[in-house]
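Asker: So here's upload.cif, just mmCIF, C-alpha atoms:
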```cif
data_protein
loop_
_atom_site.label_atom_id
_atom_site.label_comp_id
_atom_site.auth_asym_id
_atom_site.auth_seq_id
_atom_site.Cartn_x
_atom_site.Cartn_y
_atom_site.Cartn_z
CA MET A 1 113.51 110.14 114.88
CA MET A 2 116.24 111.04 112.39
CA LYS A 3 115.39 114.52 111.17
CA TYR A 4 116.14 116.17 107.85
CA LYS A 5 118.41 119.21 108.33
CA VAL A 6 117.12 122.18 106.36
CA ALA A 7 118.61 125.67 106.05
CA VAL A 8 116.04 128.45 105.87
CA ILE A 9 117.21 131.59 104.07
CA ARG A 10 115.33 134.76 104.99
CA VAL A 11 115.57 137.49 102.35
CA VAL A 12 115.25 140.21 104.97
CA THR A 13 118.03 140.95 107.40
CA ILE A 14 116.95 140.04 110.92
CA GLU A 15 119.67 140.14 113.54
CA ASP A 16 117.62 138.75 116.43
CA GLU A 17 117.90 134.98 116.17
CA GLU A 18 114.48 134.24 117.57
CA LYS A 19 112.76 136.59 115.12
CA ARG A 20 114.86 135.28 112.24
CA SER A 21 113.76 131.75 113.11
CA VAL A 22 109.99 132.36 113.03
CA HIS A 23 109.56 130.75 109.59
CA GLY A 24 111.85 127.91 110.64
CA ARG A 25 109.75 127.19 113.73
CA LEU A 26 106.59 127.17 111.59
CA ILE A 27 108.22 124.76 109.13
CA GLU A 28 109.15 122.44 112.03
CA LYS A 29 105.58 122.63 113.31
CA TYR A 30 104.12 121.78 109.88
CA VAL A 31 106.63 118.97 109.19
CA PRO A 32 108.10 117.56 112.41
CA GLU A 33 110.52 115.44 110.34
CA ILE A 34 112.39 118.65 109.48
CA GLU A 35 114.83 120.51 111.74
CA THR A 36 115.75 124.02 110.61
CA THR A 37 118.51 126.58 111.03
CA SER A 38 117.69 130.11 109.85
CA TYR A 39 119.96 132.55 108.03
CA SER A 40 119.44 136.10 106.81
CA ILE A 41 121.01 137.74 103.81
CA PRO A 42 123.11 140.72 104.98
CA ASP A 43 122.26 144.45 104.78
CA GLN A 44 118.70 144.25 103.52
CA TYR A 45 116.48 145.41 106.35
CA SER A 46 113.33 145.99 104.27
CA GLY A 47 113.53 142.66 102.42
CA VAL A 48 112.44 142.15 98.80
CA TYR A 49 109.64 144.39 97.46
CA ASP A 50 110.61 145.50 93.91
CA ASP A 51 112.81 144.42 90.98
CA GLU A 52 115.90 146.14 92.36
CA THR A 53 115.70 144.62 95.83
CA HIS A 54 114.92 141.25 94.21
CA ALA A 55 118.06 141.40 92.05
CA ILE A 56 120.25 142.44 94.99
CA ALA A 57 118.81 139.67 97.16
CA GLU A 58 119.29 137.09 94.43
CA LYS A 59 123.08 137.40 94.44
CA LYS A 60 123.21 137.21 98.23
CA VAL A 61 120.92 134.14 98.33
CA VAL A 62 123.03 132.29 95.76
CA GLU A 63 126.26 133.04 97.66
CA LEU A 64 124.74 131.95 100.95
CA GLY A 65 123.12 128.83 99.46
CA ILE A 66 126.41 127.63 97.97
CA LYS A 67 128.09 128.01 101.37
CA LEU A 68 125.30 126.18 103.22
CA GLU A 69 124.83 123.17 100.93
CA LYS A 70 127.39 120.88 102.55
CA ASP A 71 125.85 121.12 106.02
CA PHE A 72 122.18 120.58 105.09
CA ASP A 73 119.86 118.11 103.36
CA GLY A 74 118.01 120.95 101.64
CA ILE A 75 117.60 124.72 101.45
CA ILE A 76 114.37 126.72 101.66
CA VAL A 77 114.42 130.28 100.34
CA SER A 78 111.52 131.60 102.38
CA CYS A 79 110.20 134.27 100.00
CA ALA A 80 107.38 134.09 97.44
CA GLY A 81 109.56 135.89 94.88
CA ASP A 82 112.01 132.94 94.88
CA PRO A 83 115.12 135.09 94.53
CA GLY A 84 118.06 132.84 93.63
CA VAL A 85 116.02 129.63 93.71
CA GLU A 86 116.39 128.60 90.05
CA LYS A 87 120.08 129.55 90.03
CA LEU A 88 120.73 127.47 93.14
CA GLN A 89 118.73 124.53 91.74
CA ALA A 90 120.93 124.56 88.66
CA ILE A 91 124.14 124.57 90.72
CA LEU A 92 123.42 122.46 93.81
CA ARG A 93 122.79 118.74 94.12
CA LYS A 94 120.41 119.03 97.06
CA PRO A 95 116.76 120.19 96.97
CA VAL A 96 116.26 123.95 96.87
CA VAL A 97 112.69 125.08 97.46
CA GLY A 98 111.16 128.56 97.24
CA ALA A 99 107.77 129.68 98.51
CA GLY A 100 106.80 130.94 95.04
CA HIS A 101 107.35 127.66 93.19
CA SER A 102 105.73 125.82 96.08
CA LEU A 103 102.58 127.94 95.96
CA ALA A 104 102.47 127.48 92.18
CA MET A 105 102.87 123.69 92.37
CA LEU A 106 100.14 123.22 94.93
CA ALA A 107 97.77 125.76 93.34
CA HIS A 108 98.23 124.11 89.96
CA ASN A 109 97.03 120.89 91.48
CA THR A 110 93.79 122.34 92.82
CA GLY A 111 92.58 122.86 89.25
CA LYS A 112 90.78 126.04 90.43
CA LYS A 113 90.91 129.67 89.27
CA ILE A 114 93.60 131.38 91.29
CA GLY A 115 93.64 134.69 93.15
CA VAL A 116 96.93 136.13 94.41
CA LEU A 117 97.31 138.44 97.41
CA GLY A 118 100.71 140.09 97.77
CA ILE A 119 102.69 143.21 98.46
CA ARG A 120 103.17 144.10 94.79
CA GLU A 121 100.54 144.84 92.10
CA GLU A 122 101.77 142.02 89.88
CA ALA A 123 102.00 138.45 91.09
CA PRO A 124 105.66 137.38 91.56
CA ASP A 125 107.37 135.99 88.43
CA ALA A 126 107.82 132.71 90.29
CA LEU A 127 104.02 132.35 90.18
CA LEU A 128 103.35 133.97 86.80
CA SER A 129 105.87 131.85 84.92
CA SER A 130 104.28 128.55 85.88
CA LEU A 131 100.62 129.49 86.49
CA GLY A 132 100.19 132.05 83.70
CA ASP A 133 96.53 132.60 82.86
CA LYS A 134 95.38 130.30 85.65
CA ILE A 135 95.84 133.41 87.82
CA SER A 136 92.61 135.32 87.27
CA ILE A 137 93.30 138.16 89.68
CA SER A 138 96.24 139.54 91.62
CA LYS A 139 95.98 142.31 94.21
CA LYS A 140 98.38 144.26 96.37
CA ILE A 141 97.39 144.75 99.99
CA LYS A 142 96.21 148.34 100.40
CA ASN A 143 98.80 150.74 101.94
CA VAL A 144 101.35 147.95 102.38
CA ASN A 145 104.58 148.16 100.39
CA ASN A 146 106.95 145.82 102.18
CA THR A 147 107.13 143.16 104.86
CA ILE A 148 107.70 145.75 107.62
CA GLU A 149 104.48 147.66 106.83
CA LEU A 150 102.67 144.32 106.60
CA ASN A 151 103.50 143.47 110.19
CA THR A 152 101.35 146.20 111.74
CA LYS A 153 97.73 146.21 112.94
CA ALA A 154 96.75 148.31 109.90
CA GLY A 155 98.64 145.91 107.61
CA GLU A 156 96.78 142.94 109.04
CA LYS A 157 93.40 144.62 108.64
CA ASN A 158 94.11 145.65 105.06
CA ALA A 159 95.34 142.14 104.21
CA VAL A 160 92.00 140.66 105.33
CA ILE A 161 89.99 143.31 103.45
CA THR A 162 91.95 142.80 100.22
CA ALA A 163 91.62 139.00 100.51
CA MET A 164 87.85 139.40 100.82
CA GLU A 165 87.82 141.54 97.67
CA ILE A 166 89.70 138.81 95.79
CA GLU A 167 87.25 136.16 97.00
CA LYS A 168 84.35 138.23 95.59
CA GLU A 169 85.90 137.93 92.11
CA GLY A 170 84.92 134.26 92.02
CA VAL A 171 88.29 132.53 92.28
CA GLY A 172 88.53 129.02 93.78
CA VAL A 173 91.71 129.46 95.81
CA ILE A 174 93.80 132.36 97.14
CA LEU A 175 97.60 132.27 97.32
CA LEU A 176 99.32 134.41 99.93
CA ALA A 177 102.24 135.65 97.86
CA CYS A 178 104.39 137.04 100.64
CA THR A 179 105.85 134.91 103.40
CA GLY A 180 105.50 137.91 105.71
CA MET A 181 101.82 136.98 105.97
CA ALA A 182 102.70 133.66 107.61
CA THR A 183 104.96 135.20 110.20
CA THR A 184 102.45 137.22 112.18
CA GLY A 185 99.31 135.16 111.97
CA ILE A 186 97.83 137.34 109.19
CA SER A 187 97.46 134.08 107.30
CA THR A 188 95.27 132.68 110.11
CA LYS A 189 93.17 135.86 110.24
CA ILE A 190 92.59 135.67 106.47
CA LYS A 191 91.57 132.01 106.69
CA GLU A 192 89.03 132.90 109.37
CA ASN A 193 87.38 135.45 107.07
CA ILE A 194 87.45 133.58 103.76
CA PHE A 195 85.38 130.58 102.68
CA ILE A 196 87.54 129.28 99.82
CA PRO A 197 90.91 127.59 100.41
CA VAL A 198 93.82 129.91 101.21
CA ILE A 199 97.35 128.62 100.66
CA ASP A 200 99.92 129.85 103.15
CA PRO A 201 103.40 130.25 101.65
CA VAL A 202 105.34 128.85 104.61
CA LEU A 203 103.09 125.79 104.81
CA ALA A 204 103.49 125.37 101.03
CA GLU A 205 107.29 125.50 101.13
CA SER A 206 107.34 123.09 104.10
CA LEU A 207 105.23 120.49 102.31
CA VAL A 208 107.13 120.81 99.03
CA MET A 209 110.51 120.55 100.77
CA TYR A 210 109.31 117.44 102.59
CA SER A 211 108.25 115.92 99.27
CA MET A 212 111.58 116.76 97.63
CA LEU A 213 113.51 115.23 100.54
CA ARG A 214 111.40 112.08 100.36
CA LEU A 215 111.91 111.66 96.60
CA LYS A 216 115.34 110.08 96.85
CA MET B 1 96.81 107.77 114.39
CA MET B 2 93.88 109.25 112.48
CA LYS B 3 94.50 108.37 108.85
CA TYR B 4 93.44 110.18 105.71
CA LYS B 5 91.11 108.02 103.61
CA VAL B 6 92.12 108.06 99.97
CA ALA B 7 90.47 106.33 97.01
CA VAL B 8 92.90 105.03 94.39
CA ILE B 9 91.48 104.77 90.89
CA ARG B 10 93.30 102.32 88.61
CA VAL B 11 92.76 102.99 84.90
CA VAL B 12 93.16 99.32 84.07
CA THR B 13 90.54 96.77 84.99
CA ILE B 14 91.92 94.38 87.62
CA GLU B 15 89.40 92.04 89.16
CA ASP B 16 91.71 90.50 91.75
CA GLU B 17 91.54 92.79 94.77
CA GLU B 18 95.09 92.18 95.91
CA LYS B 19 96.53 92.98 92.49
CA ARG B 20 94.27 96.00 92.13
CA SER B 21 95.58 97.30 95.47
CA VAL B 22 99.29 97.14 94.64
CA HIS B 23 99.54 100.93 94.05
CA GLY B 24 97.44 101.54 97.16
CA ARG B 25 99.79 99.43 99.29
CA LEU B 26 102.79 101.35 97.91
CA ILE B 27 101.08 104.68 98.68
CA GLU B 28 100.46 103.51 102.27
CA LYS B 29 104.11 102.49 102.56
CA TYR B 30 105.33 105.86 101.27
CA VAL B 31 102.90 107.90 103.41
CA PRO B 32 101.74 105.94 106.46
CA GLU B 33 99.26 108.74 107.28
CA ILE B 34 97.20 107.59 104.27
CA GLU B 35 94.85 104.60 104.14
CA THR B 36 93.71 103.57 100.66
CA THR B 37 90.89 101.70 98.98
CA SER B 38 91.48 100.74 95.34
CA TYR B 39 88.99 100.83 92.48
CA SER B 40 89.28 99.89 88.80
CA ILE B 41 87.44 101.43 85.90
CA PRO B 42 85.30 98.72 84.23
CA ASP B 43 85.98 96.85 80.96
CA GLN B 44 89.44 98.17 80.17
CA TYR B 45 91.81 95.23 80.60
CA SER B 46 94.79 96.75 78.74
CA GLY B 47 94.58 100.14 80.48
CA VAL B 48 95.44 103.46 78.83
CA TYR B 49 98.02 103.41 76.04
CA ASP B 50 96.76 105.73 73.24
CA ASP B 51 94.40 108.69 72.66
CA GLU B 52 91.36 106.48 72.25
CA THR B 53 91.85 104.44 75.41
CA HIS B 54 92.66 107.69 77.25
CA ALA B 55 89.37 109.28 76.15
CA ILE B 56 87.36 106.18 77.09
CA ALA B 57 89.06 105.97 80.48
CA GLU B 58 88.49 109.66 81.14
CA LYS B 59 84.71 109.33 81.19
CA LYS B 60 84.85 106.28 83.43
CA VAL B 61 87.25 107.97 85.86
CA VAL B 62 85.04 111.06 86.15
CA GLU B 63 81.93 108.93 86.82
CA LEU B 64 83.73 106.86 89.42
CA GLY B 65 85.36 109.90 91.07
CA ILE B 66 82.02 111.67 91.50
CA LYS B 67 80.58 108.58 93.18
CA LEU B 68 83.57 108.15 95.51
CA GLU B 69 83.98 111.74 96.71
CA LYS B 70 81.65 111.56 99.70
CA ASP B 71 83.44 108.60 101.30
CA PHE B 72 87.04 109.80 100.97
CA ASP B 73 89.33 112.70 101.89
CA GLY B 74 90.93 112.63 98.47
CA ILE B 75 91.18 110.73 95.18
CA ILE B 76 94.33 109.57 93.39
CA VAL B 77 94.05 108.69 89.71
CA SER B 78 97.04 106.38 89.52
CA CYS B 79 98.08 106.93 85.90
CA ALA B 80 100.71 109.26 84.42
CA GLY B 81 98.27 110.30 81.69
CA ASP B 82 95.95 111.85 84.31
CA PRO B 83 92.72 110.84 82.55
CA GLY B 84 89.83 112.72 84.14
CA VAL B 85 92.00 114.51 86.71
CA GLU B 86 91.40 118.10 85.58
CA LYS B 87 87.69 117.47 85.05
CA LEU B 88 87.35 116.01 88.56
CA GLN B 89 89.36 118.87 90.09
CA ALA B 90 86.93 121.33 88.51
CA ILE B 91 83.89 119.48 89.88
CA LEU B 92 84.91 118.11 93.29
CA ARG B 93 85.72 119.95 96.51
CA LYS B 94 88.28 117.42 97.70
CA PRO B 95 91.87 117.00 96.43
CA VAL B 96 92.21 115.02 93.20
CA VAL B 97 95.77 114.03 92.31
CA GLY B 98 97.14 112.36 89.19
CA ALA B 99 100.56 110.79 88.71
CA GLY B 100 101.23 113.02 85.68
CA HIS B 101 100.67 116.36 87.41
CA SER B 102 102.57 115.05 90.42
CA LEU B 103 105.62 114.08 88.37
CA ALA B 104 105.48 117.47 86.66
CA MET B 105 105.24 119.39 89.92
CA LEU B 106 108.16 117.65 91.53
CA ALA B 107 110.31 117.66 88.39
CA HIS B 108 109.69 121.36 87.91
CA ASN B 109 111.09 121.95 91.34
CA THR B 110 114.36 120.15 90.66
CA GLY B 111 115.30 122.86 88.16
CA LYS B 112 117.05 120.20 86.04
CA LYS B 113 116.70 119.15 82.40
CA ILE B 114 114.12 116.41 82.28
CA GLY B 115 114.07 113.02 80.56
CA VAL B 116 110.83 111.05 80.30
CA LEU B 117 110.57 107.27 80.05
CA GLY B 118 107.16 105.92 79.12
CA ILE B 119 105.09 103.53 77.05
CA ARG B 120 104.31 106.09 74.33
CA GLU B 121 106.71 108.01 72.04
CA GLU B 122 105.42 111.37 73.24
CA ALA B 123 105.44 112.32 76.90
CA PRO B 124 101.87 112.39 78.31
CA ASP B 125 99.99 115.70 77.88
CA ALA B 126 99.82 115.95 81.67
CA LEU B 127 103.60 116.38 81.64
CA LEU B 128 103.97 118.32 78.38
CA SER B 129 101.41 120.97 79.29
CA SER B 130 103.20 122.05 82.44
CA LEU B 131 106.84 121.18 81.72
CA GLY B 132 106.98 122.08 78.02
CA ASP B 133 110.54 122.63 76.83
CA LYS B 134 111.99 121.62 80.20
CA ILE B 135 111.56 118.08 78.85
CA SER B 136 114.64 117.62 76.73
CA ILE B 137 114.03 114.00 75.74
CA SER B 138 111.18 111.51 75.87
CA LYS B 139 111.52 107.83 74.98
CA LYS B 140 109.20 104.86 74.71
CA ILE B 141 110.43 101.61 76.22
CA LYS B 142 111.49 99.34 73.37
CA ASN B 143 108.93 96.64 72.44
CA VAL B 144 106.53 97.71 75.16
CA ASN B 145 103.15 99.13 74.13
CA ASN B 146 101.01 98.84 77.25
CA THR B 147 101.13 98.07 80.94
CA ILE B 148 100.67 94.33 80.34
CA GLU B 149 103.75 94.06 78.07
CA LEU B 150 105.66 96.18 80.59
CA ASN B 151 105.13 93.62 83.32
CA THR B 152 107.29 90.89 81.78
CA LYS B 153 110.99 90.02 82.15
CA ALA B 154 111.66 91.44 78.67
CA GLY B 155 109.70 94.58 79.54
CA GLU B 156 111.77 95.12 82.66
CA LYS B 157 115.05 94.65 80.80
CA ASN B 158 114.04 97.04 78.02
CA ALA B 159 112.90 99.63 80.56
CA VAL B 160 116.35 99.66 82.17
CA ILE B 161 118.12 99.83 78.78
CA THR B 162 115.95 102.72 77.57
CA ALA B 163 116.45 104.60 80.86
CA MET B 164 120.22 104.26 80.44
CA GLU B 165 119.93 105.69 76.92
CA ILE B 166 118.03 108.70 78.29
CA GLU B 167 120.66 109.26 80.97
CA LYS B 168 123.37 109.40 78.29
CA GLU B 169 121.59 112.39 76.72
CA GLY B 170 122.70 114.54 79.64
CA VAL B 171 119.42 115.14 81.48
CA GLY B 172 119.43 115.83 85.23
CA VAL B 173 116.39 113.80 86.23
CA ILE B 174 114.29 110.99 84.70
CA LEU B 175 110.52 110.75 85.15
CA LEU B 176 108.90 107.33 84.94
CA ALA B 177 105.80 108.24 82.97
CA CYS B 178 103.80 105.07 83.51
CA THR B 179 102.62 103.91 86.93
CA GLY B 180 103.02 100.35 85.68
CA MET B 181 106.74 100.77 86.32
CA ALA B 182 106.12 101.23 90.03
CA THR B 183 103.99 98.13 90.34
CA THR B 184 106.54 95.46 89.55
CA GLY B 185 109.73 96.89 90.91
CA ILE B 186 110.93 98.06 87.48
CA SER B 187 111.30 101.44 89.12
CA THR B 188 113.75 99.97 91.67
CA LYS B 189 115.72 98.19 88.93
CA ILE B 190 116.03 101.45 86.99
CA LYS B 191 117.22 103.33 90.07
CA GLU B 192 119.92 100.70 90.62
CA ASN B 193 121.28 101.27 87.12
CA ILE B 194 121.05 105.06 86.85
CA PHE B 195 123.16 107.69 88.61
CA ILE B 196 120.85 110.70 88.27
CA PRO B 197 117.60 111.03 90.25
CA VAL B 198 114.66 108.96 88.98
CA ILE B 199 111.14 110.00 90.01
CA ASP B 200 108.71 107.16 90.56
CA PRO B 201 105.11 108.05 89.64
CA VAL B 202 103.44 106.29 92.58
CA LEU B 203 105.84 107.91 95.06
CA ALA B 204 105.18 111.27 93.37
CA GLU B 205 101.38 110.97 93.60
CA SER B 206 101.66 109.82 97.23
CA LEU B 207 103.73 112.84 98.25
CA VAL B 208 101.59 115.32 96.34
CA MET B 209 98.36 113.88 97.75
CA TYR B 210 99.80 114.12 101.25
CA SER B 211 100.68 117.78 100.61
CA MET B 212 97.20 118.54 99.26
CA LEU B 213 95.57 116.88 102.27
CA ARG B 214 97.77 118.86 104.64
CA LEU B 215 97.02 122.21 102.97
CA LYS B 216 93.70 122.72 104.70
#
```
Translate this structure into structure tokens?

Answerer:
Amino acid sequence: MMKYKVAVIRVVTIEDEEKRSVHGRLIEKYVPEIETTSYSIPDQYSGVYDDETHAIAEKKVVELGIKLEKDFDGIIVSCAGDPGVEKLQAILRKPVVGAGHSLAMLAHNTGKKIGVLGIREEAPDALLSSLGDKISISKKIKNVNNTIELNTKAGEKNAVITAMEIEKEGVGVILLACTGMATTGISTKIKENIFIPVIDPVLAESLVMYSMLRLK
Amino acid sequence: MMKYKVAVIRVVTIEDEEKRSVHGRLIEKYVPEIETTSYSIPDQYSGVYDDETHAIAEKKVVELGIKLEKDFDGIIVSCAGDPGVEKLQAILRKPVVGAGHSLAMLAHNTGKKIGVLGIREEAPDALLSSLGDKISISKKIKNVNNTIELNTKAGEKNAVITAMEIEKEGVGVILLACTGMATTGISTKIKENIFIPVIDPVLAESLVMYSMLRLK
């Protein structure tokens, strides 16, 4: 099988190749037609968790994306905040997909009221700008402020509890607005405890990238 | 291979089963994991081409969709106007996908300025509501007023000419906003004559349905 070659940009610096490639391996599992290589932006060990870290990451993602274009069929920016995604889409000729846009696209198509679970109080702009008032509630996971704190036993427990609180508000679908939740199986734990559909950001970006690659 | 069972609703009455199934066969070609059965709404031989025919079709699509849900994994309303799609999404528990939303979702993700080619002067609401000012030009195919007139030699020629006019306006992608263009290979003819990406509505709905089915 000829596979699509996709670069995965992580917006947190991870030096260990195996750890850096966790999203990439998930993407390959979800869409076997895709083969990934994973890259980190430099010098950003706590990832993206506020406006400042988003802005800093954005520049690094754009620089990296421009360098990677020639060697890949597409680029996934594996973060629900989509830093650099729109800028890269405007510059590059190949598909550029972010988790935020992907969640928004798929959620929009459910036609349901949307709940957002993330690591910031507000839903990411990438979701707000296209979903607007379709988002009826957005919650930050209790006591979790970045992707590092998310990946702990306490982080996992609080993610499930906060997801259950969102479900009680009567939404029809929950978006996991931080790709960190896909990495450690928190996404699976949430799905086990929630009755309504839960959209995982890494699954979303995998499916949307596959669609964009198939469009040609 | 276990296939997803998808009902395809045509918003034009086609009594001949083979002709009615043309979109379904294309969907199966684009996504071999999907197996389709095609249905027409009754008593609407010229399809959907203005507000009145849209409103009439909407009721019929909703009635038909409700009846079909139990036998299928998902429902595609194969029309860029998406008649009944949002209403069905609100009622049903299975994925409901329209060509209009699908075009919008994929176009949004290209990040490019969008041109729309259709059989009405205005782009369909299903596109306008989510793409808004990202659509920089929308054109009606010259001398074509419905899907029947589209499927003629003259219709095909005018579709290509109008698409070339849209390309000259400097857009980055063209959406084919009538599924009738997929049926007869007009879509292929347009792609042969245009340099920028052209998004086919039946391909778009196929890919988006596949994504929605995979989300679970």

Asker: May I have the residues at most 12 Å from (87.5, 112.8, 103.1) in the file's coordinates, counting all atoms listed in the file, as a list in words?

Answerer: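 With a cut-off of 12 Å, the residues come to Met2, Lys3, Tyr4, Lys5, Val6, Ala7, Ile34, Glu35, Thr36, Leu68, Glu69, Lys70, Asp71, Phe72, Asp73, Gly74, Ile75, Leu92, Arg93, Lys94, Pro95, Val96, Met212, Leu213 and Lys216 of chain B.
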
Asker: Give me the residues near region 190-203 of chain A as a VMD selection string, where near means some atom within 9 Å (using all atoms listed in the file) and where sequence neighbours in that chain fewer than 3 positions away do not count.

Answerer: (chain A and resid 23 to 24 26 to 27 30 to 31 78 to 80 99 to 100 102 to 103 106 to 107 156 159 to 161 163 to 164 167 171 to 183 185 to 187 206 to 208) or (chain B and resid 214 to 216)

Asker: Would you mind exporting C-alpha atoms of the selected residues as an mmCIF file, in the coordinates of the input?

Answerer:
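Output file selection15.cif is given in full below:
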```
data_model
loop_
_atom_site.group_PDB
_atom_site.id
_atom_site.type_symbol
_atom_site.label_atom_id
_atom_site.label_comp_id
_atom_site.auth_asym_id
_atom_site.auth_seq_id
_atom_site.Cartn_x
_atom_site.Cartn_y
_atom_site.Cartn_z
ATOM 1 C CA HIS A 23 109.560 130.750 109.590
ATOM 2 C CA GLY A 24 111.850 127.910 110.640
ATOM 3 C CA LEU A 26 106.590 127.170 111.590
ATOM 4 C CA ILE A 27 108.220 124.760 109.130
ATOM 5 C CA TYR A 30 104.120 121.780 109.880
ATOM 6 C CA VAL A 31 106.630 118.970 109.190
ATOM 7 C CA SER A 78 111.520 131.600 102.380
ATOM 8 C CA CYS A 79 110.200 134.270 100.000
ATOM 9 C CA ALA A 80 107.380 134.090 97.440
ATOM 10 C CA ALA A 99 107.770 129.680 98.510
ATOM 11 C CA GLY A 100 106.800 130.940 95.040
ATOM 12 C CA SER A 102 105.730 125.820 96.080
ATOM 13 C CA LEU A 103 102.580 127.940 95.960
ATOM 14 C CA LEU A 106 100.140 123.220 94.930
ATOM 15 C CA ALA A 107 97.770 125.760 93.340
ATOM 16 C CA GLU A 156 96.780 142.940 109.040
ATOM 17 C CA ALA A 159 95.340 142.140 104.210
ATOM 18 C CA VAL A 160 92.000 140.660 105.330
ATOM 19 C CA ILE A 161 89.990 143.310 103.450
ATOM 20 C CA ALA A 163 91.620 139.000 100.510
ATOM 21 C CA MET A 164 87.850 139.400 100.820
ATOM 22 C CA GLU A 167 87.250 136.160 97.000
ATOM 23 C CA VAL A 171 88.290 132.530 92.280
ATOM 24 C CA GLY A 172 88.530 129.020 93.780
ATOM 25 C CA VAL A 173 91.710 129.460 95.810
ATOM 26 C CA ILE A 174 93.800 132.360 97.140
ATOM 27 C CA LEU A 175 97.600 132.270 97.320
ATOM 28 C CA LEU A 176 99.320 134.410 99.930
ATOM 29 C CA ALA A 177 102.240 135.650 97.860
ATOM 30 C CA CYS A 178 104.390 137.040 100.640
ATOM 31 C CA THR A 179 105.850 134.910 103.400
ATOM 32 C CA GLY A 180 105.500 137.910 105.710
ATOM 33 C CA MET A 181 101.820 136.980 105.970
ATOM 34 C CA ALA A 182 102.700 133.660 107.610
ATOM 35 C CA THR A 183 104.960 135.200 110.200
ATOM 36 C CA GLY A 185 99.310 135.160 111.970
ATOM 37 C CA ILE A 186 97.830 137.340 109.190
ATOM 38 C CA SER A 187 97.460 134.080 107.300
ATOM 39 C CA SER A 206 107.340 123.090 104.100
ATOM 40 C CA LEU A 207 105.230 120.490 102.310
ATOM 41 C CA VAL A 208 107.130 120.810 99.030
ATOM 42 C CA ARG B 214 97.770 118.860 104.640
ATOM 43 C CA LEU B 215 97.020 122.210 102.970
ATOM 44 C CA LYS B 216 93.700 122.720 104.700
#
```

Asker: Using only C-alpha atoms, determine which residues of chain A fall within 6 Å of chain B; present them as a PyMOL selection string.

Answerer: chain A and resi 89-90+105+111+207+211

Asker: Once the PyMOL selection byres ((chain A and resi 61) around 8) has been evaluated on this model, what residues remain selected, and can you format them as a ChimeraX atom specification?

Answerer: /A:9,11,41,57-60,62-65,77,83-84

Asker: Measuring atom to atom with all atoms listed in the file, identify which of A:Lys139, A:Lys153, A:Arg120, A:Arg10 is nearest to Tyr45 (chain A).

Answerer: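 Among the listed residues, A:Arg10 lies closest to Tyr45 (chain A).
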
Asker: Which value, in Å to one decimal, gives the distance between CA of Gly47 (chain A) and CA of Thr13 (chain A)?

Answerer: 6.9 Å

Asker: How many Å lie between CA of Glu18 (chain B) and CA of Glu33 (chain B), rounded to one decimal?

Answerer: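 One can read the CA of Glu18 (chain B) to CA of Glu33 (chain B) distance as 20.5 Å.
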